[in-house]
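Data block below; observations after.
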Amino acid sequence: MIIERQALPDIREQVGDQTIAVRFGCFDLLHAGHLQGIDYAAEQADILVIGVSSDERVRQRKGPERPVQRQEVRLANVDEVEGVDFSFVVPFQALAVPRAIAALRPDYFVESTEYSRRRHGAGWLLDKLGVAYVADPNPSIQSTSNLITWLRLADETAA
């Protein structure tokens with residue numbers, strides 16, 4: 001279910017004693033690596049909430065040619081993945097991820113081992129709120145950036 005970020009505090013009340021995991025990402029050109037990561041996050045808790053980076057956040061992190069797909073498309077794609085219970089757009093603003101975590105108060109914060117919990121500035125907050133940090137041990141089997149590079153090379157070769 002796609003929700004507004006302001007609805008995050010309501011999730012805890014809605015799900016009662018069920019556990020909540022949260023995972024964040026760009027999810028541009030949804031691929032097997034994304035699906036693998038979402039599956040792993042879904043295994044950690046009863047309820048999975050996915051934060052999808054806004055277009056502005058993606059441009060800041062990935063460069064001016066990204067995202068390939070608008071945030072509305074990326075959000076709709078993620079929301080259709082089995083195991084995702086709630087999804088929302090993470091805005092382009094300082095401390096957006098820590099603010100979302102504080103509002104949601106999940107039991108688990110899941111991310112790929114290629115990132116550090118300090119990257120989002122959320123490490124101290126996880127400790128303070130008692131949110132367990134879970135590093136997805138599965139190596140990413142694909143990357144959107146690599147996929148885009150491959151498509152460009154294939155297009156140049158075909159021309």
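Labels used: A, B, ... for chains in the order of the structure tokens, numbers from 1 for residues in each chain, and numbers from 1 for ligands as shown.
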Give me the residues within 12 Å of Glu56 (chain A) as a PDB file with N, CA, C and O atoms, in the first residue's frame, counting only C-alpha atoms and dropping any in the same chain fewer than 2 places off.
ATOM      1  N   CYS A  26      16.762   3.524  -4.042  1.00  0.00           N
ATOM      2  CA  CYS A  26      16.310   4.260  -5.226  1.00  0.00           C
ATOM      3  C   CYS A  26      15.344   3.411  -6.049  1.00  0.00           C
ATOM      4  O   CYS A  26      14.364   3.915  -6.570  1.00  0.00           O
ATOM      5  N   VAL A  52      11.271   4.764  -0.845  1.00  0.00           N
ATOM      6  CA  VAL A  52      11.796   4.962  -2.195  1.00  0.00           C
ATOM      7  C   VAL A  52      12.298   6.403  -2.315  1.00  0.00           C
ATOM      8  O   VAL A  52      11.539   7.347  -2.068  1.00  0.00           O
ATOM      9  N   SER A  53      13.537   6.550  -2.681  1.00  0.00           N
ATOM     10  CA  SER A  53      14.134   7.890  -2.787  1.00  0.00           C
ATOM     11  C   SER A  53      13.422   8.751  -3.816  1.00  0.00           C
ATOM     12  O   SER A  53      13.114   8.288  -4.918  1.00  0.00           O
ATOM     13  N   SER A  54      13.196  10.011  -3.462  1.00  0.00           N
ATOM     14  CA  SER A  54      12.584  10.951  -4.404  1.00  0.00           C
ATOM     15  C   SER A  54      13.527  11.186  -5.576  1.00  0.00           C
ATOM     16  O   SER A  54      14.728  10.879  -5.508  1.00  0.00           O
ATOM     17  N   VAL A  58      17.715  10.928  -5.733  1.00  0.00           N
ATOM     18  CA  VAL A  58      18.432  10.066  -6.669  1.00  0.00           C
ATOM     19  C   VAL A  58      19.426  10.897  -7.481  1.00  0.00           C
ATOM     20  O   VAL A  58      20.581  10.498  -7.664  1.00  0.00           O
ATOM     21  N   ARG A  59      19.005  12.067  -7.981  1.00  0.00           N
ATOM     22  CA  ARG A  59      19.912  12.924  -8.748  1.00  0.00           C
ATOM     23  C   ARG A  59      21.122  13.321  -7.915  1.00  0.00           C
ATOM     24  O   ARG A  59      22.249  13.338  -8.400  1.00  0.00           O
ATOM     25  N   GLN A  60      20.883  13.634  -6.651  1.00  0.00           N
ATOM     26  CA  GLN A  60      21.981  14.028  -5.775  1.00  0.00           C
ATOM     27  C   GLN A  60      22.983  12.882  -5.596  1.00  0.00           C
ATOM     28  O   GLN A  60      24.182  13.094  -5.632  1.00  0.00           O
ATOM     29  N   ARG A  61      22.499  11.668  -5.424  1.00  0.00           N
ATOM     30  CA  ARG A  61      23.365  10.518  -5.146  1.00  0.00           C
ATOM     31  C   ARG A  61      23.936   9.872  -6.399  1.00  0.00           C
ATOM     32  O   ARG A  61      25.052   9.375  -6.383  1.00  0.00           O
ATOM     33  N   LYS A  62      23.155   9.860  -7.506  1.00  0.00           N
ATOM     34  CA  LYS A  62      23.548   9.087  -8.685  1.00  0.00           C
ATOM     35  C   LYS A  62      23.956   9.926  -9.884  1.00  0.00           C
ATOM     36  O   LYS A  62      24.487   9.398 -10.841  1.00  0.00           O
ATOM     37  N   GLY A  63      23.644  11.231  -9.855  1.00  0.00           N
ATOM     38  CA  GLY A  63      24.031  12.088 -10.960  1.00  0.00           C
ATOM     39  C   GLY A  63      22.847  12.648 -11.725  1.00  0.00           C
ATOM     40  O   GLY A  63      21.707  12.213 -11.544  1.00  0.00           O
ATOM     41  N   PRO A  64      23.113  13.630 -12.604  1.00  0.00           N
ATOM     42  CA  PRO A  64      22.038  14.374 -13.274  1.00  0.00           C
ATOM     43  C   PRO A  64      21.205  13.565 -14.270  1.00  0.00           C
ATOM     44  O   PRO A  64      20.097  13.976 -14.608  1.00  0.00           O
ATOM     45  N   GLU A  65      21.712  12.430 -14.729  1.00  0.00           N
ATOM     46  CA  GLU A  65      20.943  11.620 -15.685  1.00  0.00           C
ATOM     47  C   GLU A  65      20.033  10.606 -15.002  1.00  0.00           C
ATOM     48  O   GLU A  65      19.352   9.835 -15.681  1.00  0.00           O
ATOM     49  N   ARG A  66      20.021  10.603 -13.714  1.00  0.00           N
ATOM     50  CA  ARG A  66      19.205   9.657 -12.966  1.00  0.00           C
ATOM     51  C   ARG A  66      18.157  10.434 -12.187  1.00  0.00           C
ATOM     52  O   ARG A  66      18.349  11.596 -11.884  1.00  0.00           O
ATOM     53  N   PRO A  67      17.044   9.865 -11.859  1.00  0.00           N
ATOM     54  CA  PRO A  67      16.682   8.484 -12.130  1.00  0.00           C
ATOM     55  C   PRO A  67      16.211   8.295 -13.569  1.00  0.00           C
ATOM     56  O   PRO A  67      15.831   9.248 -14.237  1.00  0.00           O
ATOM     57  N   ARG A  70      10.621   8.041 -13.112  1.00  0.00           N
ATOM     58  CA  ARG A  70      10.133   8.994 -12.112  1.00  0.00           C
ATOM     59  C   ARG A  70       9.780   8.279 -10.811  1.00  0.00           C
ATOM     60  O   ARG A  70       9.473   7.090 -10.805  1.00  0.00           O
ATOM     61  N   GLN A  71       9.778   9.017  -9.732  1.00  0.00           N
ATOM     62  CA  GLN A  71       9.511   8.428  -8.414  1.00  0.00           C
ATOM     63  C   GLN A  71       8.150   7.751  -8.340  1.00  0.00           C
ATOM     64  O   GLN A  71       8.007   6.727  -7.670  1.00  0.00           O
ATOM     65  N   VAL A  89       7.519   7.696  -0.466  1.00  0.00           N
ATOM     66  CA  VAL A  89       8.628   8.443  -1.064  1.00  0.00           C
ATOM     67  C   VAL A  89       9.420   9.139   0.041  1.00  0.00           C
ATOM     68  O   VAL A  89       8.845   9.807   0.911  1.00  0.00           O
ATOM     69  N   VAL A  90      10.734   8.971  -0.019  1.00  0.00           N
ATOM     70  CA  VAL A  90      11.641   9.653   0.913  1.00  0.00           C
ATOM     71  C   VAL A  90      12.014  10.975   0.271  1.00  0.00           C
ATOM     72  O   VAL A  90      12.610  10.996  -0.804  1.00  0.00           O
ATOM     73  N   PRO A  91      11.659  12.098   0.903  1.00  0.00           N
ATOM     74  CA  PRO A  91      11.897  13.397   0.275  1.00  0.00           C
ATOM     75  C   PRO A  91      13.371  13.779   0.249  1.00  0.00           C
ATOM     76  O   PRO A  91      14.198  13.188   0.934  1.00  0.00           O
ATOM     77  N   PHE A  92      13.651  14.788  -0.553  1.00  0.00           N
ATOM     78  CA  PHE A  92      14.994  15.347  -0.628  1.00  0.00           C
ATOM     79  C   PHE A  92      15.086  16.440   0.426  1.00  0.00           C
ATOM     80  O   PHE A  92      14.673  17.579   0.215  1.00  0.00           O
ATOM     81  N   GLN A  93      15.537  16.045   1.591  1.00  0.00           N
ATOM     82  CA  GLN A  93      15.738  17.011   2.669  1.00  0.00           C
ATOM     83  C   GLN A  93      16.716  16.399   3.660  1.00  0.00           C
ATOM     84  O   GLN A  93      16.895  15.179   3.702  1.00  0.00           O
TER      85      GLN A  93
END
Per-residue DSSP, region 38-150 of chain A, filtered to helix (DSSP H, G or I), as a VMD selection string: chain A and resid 38 to 43 55 to 62 71 to 79 96 to 104 123 to 129 144 to 150
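Candidate residues A:Leu126, A:Leu48, A:Val81, A:Val134 were compared for distance to Ile101 (chain A), and the nearest is A:Leu126, using only C-alpha atoms.
CA of Asp107 (chain A) to CA of Gly130 (chain A) spans 7.6 Å [interatomic distance, one decimal].
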Residues flagged strand (DSSP E or B) by DSSP in chain A, as a ChimeraX atom specification: /A:2,20-25,47-53,86-90,108-112,132-136
Write to file, as an mmCIF file, in the first residue's frame, the residues of the selection just made, with N, CA, C and O atoms.
data_model
loop_
_atom_site.group_PDB
_atom_site.id
_atom_site.type_symbol
_atom_site.label_atom_id
_atom_site.label_comp_id
_atom_site.auth_asym_id
_atom_site.auth_seq_id
_atom_site.Cartn_x
_atom_site.Cartn_y
_atom_site.Cartn_z
ATOM 1 N N ILE A 2 0.683 2.097 -0.962
ATOM 2 C CA ILE A 2 1.423 3.357 -1.031
ATOM 3 C C ILE A 2 0.819 4.319 -0.013
ATOM 4 O O ILE A 2 -0.397 4.502 0.034
ATOM 5 N N ILE A 20 8.105 -4.895 12.502
ATOM 6 C CA ILE A 20 8.228 -4.056 11.307
ATOM 7 C C ILE A 20 9.696 -3.957 10.902
ATOM 8 O O ILE A 20 10.555 -3.674 11.736
ATOM 9 N N ALA A 21 9.949 -4.151 9.608
ATOM 10 C CA ALA A 21 11.276 -3.908 9.033
ATOM 11 C C ALA A 21 11.139 -2.779 8.027
ATOM 12 O O ALA A 21 10.093 -2.623 7.391
ATOM 13 N N VAL A 22 12.197 -1.995 7.892
ATOM 14 C CA VAL A 22 12.210 -0.923 6.901
ATOM 15 C C VAL A 22 13.490 -1.034 6.080
ATOM 16 O O VAL A 22 14.542 -1.416 6.592
ATOM 17 N N ARG A 23 13.355 -0.733 4.805
ATOM 18 C CA ARG A 23 14.502 -0.709 3.889
ATOM 19 C C ARG A 23 14.318 0.476 2.954
ATOM 20 O O ARG A 23 13.202 0.792 2.569
ATOM 21 N N PHE A 24 15.419 1.118 2.596
ATOM 22 C CA PHE A 24 15.384 2.300 1.739
ATOM 23 C C PHE A 24 16.189 2.035 0.468
ATOM 24 O O PHE A 24 17.120 1.239 0.469
ATOM 25 N N GLY A 25 15.835 2.738 -0.598
ATOM 26 C CA GLY A 25 16.603 2.625 -1.826
ATOM 27 C C GLY A 25 16.027 3.474 -2.937
ATOM 28 O O GLY A 25 14.946 4.047 -2.814
ATOM 29 N N ILE A 47 5.946 -7.217 8.911
ATOM 30 C CA ILE A 47 5.527 -6.107 8.052
ATOM 31 C C ILE A 47 6.778 -5.475 7.449
ATOM 32 O O ILE A 47 7.746 -5.201 8.158
ATOM 33 N N LEU A 48 6.752 -5.230 6.136
ATOM 34 C CA LEU A 48 7.875 -4.570 5.463
ATOM 35 C C LEU A 48 7.437 -3.227 4.906
ATOM 36 O O LEU A 48 6.448 -3.138 4.175
ATOM 37 N N VAL A 49 8.214 -2.205 5.254
ATOM 38 C CA VAL A 49 7.991 -0.848 4.761
ATOM 39 C C VAL A 49 9.207 -0.476 3.920
ATOM 40 O O VAL A 49 10.342 -0.640 4.358
ATOM 41 N N ILE A 50 8.945 0.010 2.703
ATOM 42 C CA ILE A 50 10.027 0.406 1.798
ATOM 43 C C ILE A 50 9.967 1.911 1.559
ATOM 44 O O ILE A 50 8.920 2.449 1.179
ATOM 45 N N GLY A 51 11.096 2.574 1.765
ATOM 46 C CA GLY A 51 11.239 3.989 1.448
ATOM 47 C C GLY A 51 11.929 4.135 0.104
ATOM 48 O O GLY A 51 13.052 3.654 -0.072
ATOM 49 N N VAL A 52 11.271 4.764 -0.845
ATOM 50 C CA VAL A 52 11.796 4.962 -2.195
ATOM 51 C C VAL A 52 12.298 6.403 -2.315
ATOM 52 O O VAL A 52 11.539 7.347 -2.068
ATOM 53 N N SER A 53 13.537 6.550 -2.681
ATOM 54 C CA SER A 53 14.134 7.890 -2.787
ATOM 55 C C SER A 53 13.422 8.751 -3.816
ATOM 56 O O SER A 53 13.114 8.288 -4.918
ATOM 57 N N PHE A 86 3.967 -1.703 2.860
ATOM 58 C CA PHE A 86 3.781 -0.254 2.743
ATOM 59 C C PHE A 86 4.992 0.311 2.006
ATOM 60 O O PHE A 86 6.118 -0.158 2.185
ATOM 61 N N SER A 87 4.751 1.351 1.205
ATOM 62 C CA SER A 87 5.845 2.047 0.537
ATOM 63 C C SER A 87 5.534 3.537 0.523
ATOM 64 O O SER A 87 4.370 3.942 0.517
ATOM 65 N N PHE A 88 6.590 4.329 0.527
ATOM 66 C CA PHE A 88 6.440 5.786 0.544
ATOM 67 C C PHE A 88 7.661 6.429 -0.095
ATOM 68 O O PHE A 88 8.702 5.794 -0.249
ATOM 69 N N VAL A 89 7.519 7.696 -0.466
ATOM 70 C CA VAL A 89 8.628 8.443 -1.064
ATOM 71 C C VAL A 89 9.420 9.139 0.041
ATOM 72 O O VAL A 89 8.845 9.807 0.911
ATOM 73 N N VAL A 90 10.734 8.971 -0.019
ATOM 74 C CA VAL A 90 11.641 9.653 0.913
ATOM 75 C C VAL A 90 12.014 10.975 0.271
ATOM 76 O O VAL A 90 12.610 10.996 -0.804
ATOM 77 N N TYR A 108 13.350 -3.380 12.847
ATOM 78 C CA TYR A 108 14.553 -3.692 12.089
ATOM 79 C C TYR A 108 14.786 -2.680 10.983
ATOM 80 O O TYR A 108 13.862 -2.295 10.287
ATOM 81 N N PHE A 109 16.046 -2.284 10.839
ATOM 82 C CA PHE A 109 16.494 -1.443 9.735
ATOM 83 C C PHE A 109 17.400 -2.332 8.890
ATOM 84 O O PHE A 109 18.440 -2.788 9.350
ATOM 85 N N VAL A 110 16.981 -2.622 7.656
ATOM 86 C CA VAL A 110 17.693 -3.571 6.801
ATOM 87 C C VAL A 110 18.330 -2.817 5.646
ATOM 88 O O VAL A 110 17.684 -2.003 4.991
ATOM 89 N N GLU A 111 19.601 -3.131 5.386
ATOM 90 C CA GLU A 111 20.255 -2.567 4.219
ATOM 91 C C GLU A 111 21.364 -3.487 3.752
ATOM 92 O O GLU A 111 21.785 -4.398 4.462
ATOM 93 N N SER A 112 21.813 -3.243 2.550
ATOM 94 C CA SER A 112 22.857 -4.044 1.938
ATOM 95 C C SER A 112 24.174 -3.838 2.675
ATOM 96 O O SER A 112 24.447 -2.759 3.202
ATOM 97 N N ALA A 132 16.962 -2.725 15.656
ATOM 98 C CA ALA A 132 18.044 -3.629 15.287
ATOM 99 C C ALA A 132 18.513 -3.348 13.869
ATOM 100 O O ALA A 132 17.700 -3.222 12.949
ATOM 101 N N TYR A 133 19.824 -3.264 13.703
ATOM 102 C CA TYR A 133 20.426 -3.074 12.386
ATOM 103 C C TYR A 133 20.676 -4.446 11.781
ATOM 104 O O TYR A 133 21.313 -5.300 12.399
ATOM 105 N N VAL A 134 20.166 -4.669 10.567
ATOM 106 C CA VAL A 134 20.348 -5.945 9.885
ATOM 107 C C VAL A 134 21.034 -5.674 8.549
ATOM 108 O O VAL A 134 20.477 -4.988 7.692
ATOM 109 N N ALA A 135 22.233 -6.211 8.410
ATOM 110 C CA ALA A 135 22.968 -6.084 7.150
ATOM 111 C C ALA A 135 22.634 -7.288 6.278
ATOM 112 O O ALA A 135 22.838 -8.428 6.687
ATOM 113 N N ASP A 136 22.107 -7.037 5.104
ATOM 114 C CA ASP A 136 21.775 -8.095 4.162
ATOM 115 C C ASP A 136 23.088 -8.733 3.694
ATOM 116 O O ASP A 136 23.884 -8.086 3.023
#
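Each of A:Arg99, A:Lys128, A:Arg105, A:Arg74 was checked against Leu29 (chain A) using only C-alpha atoms; the smallest atom-to-atom distance is that of A:Arg74.
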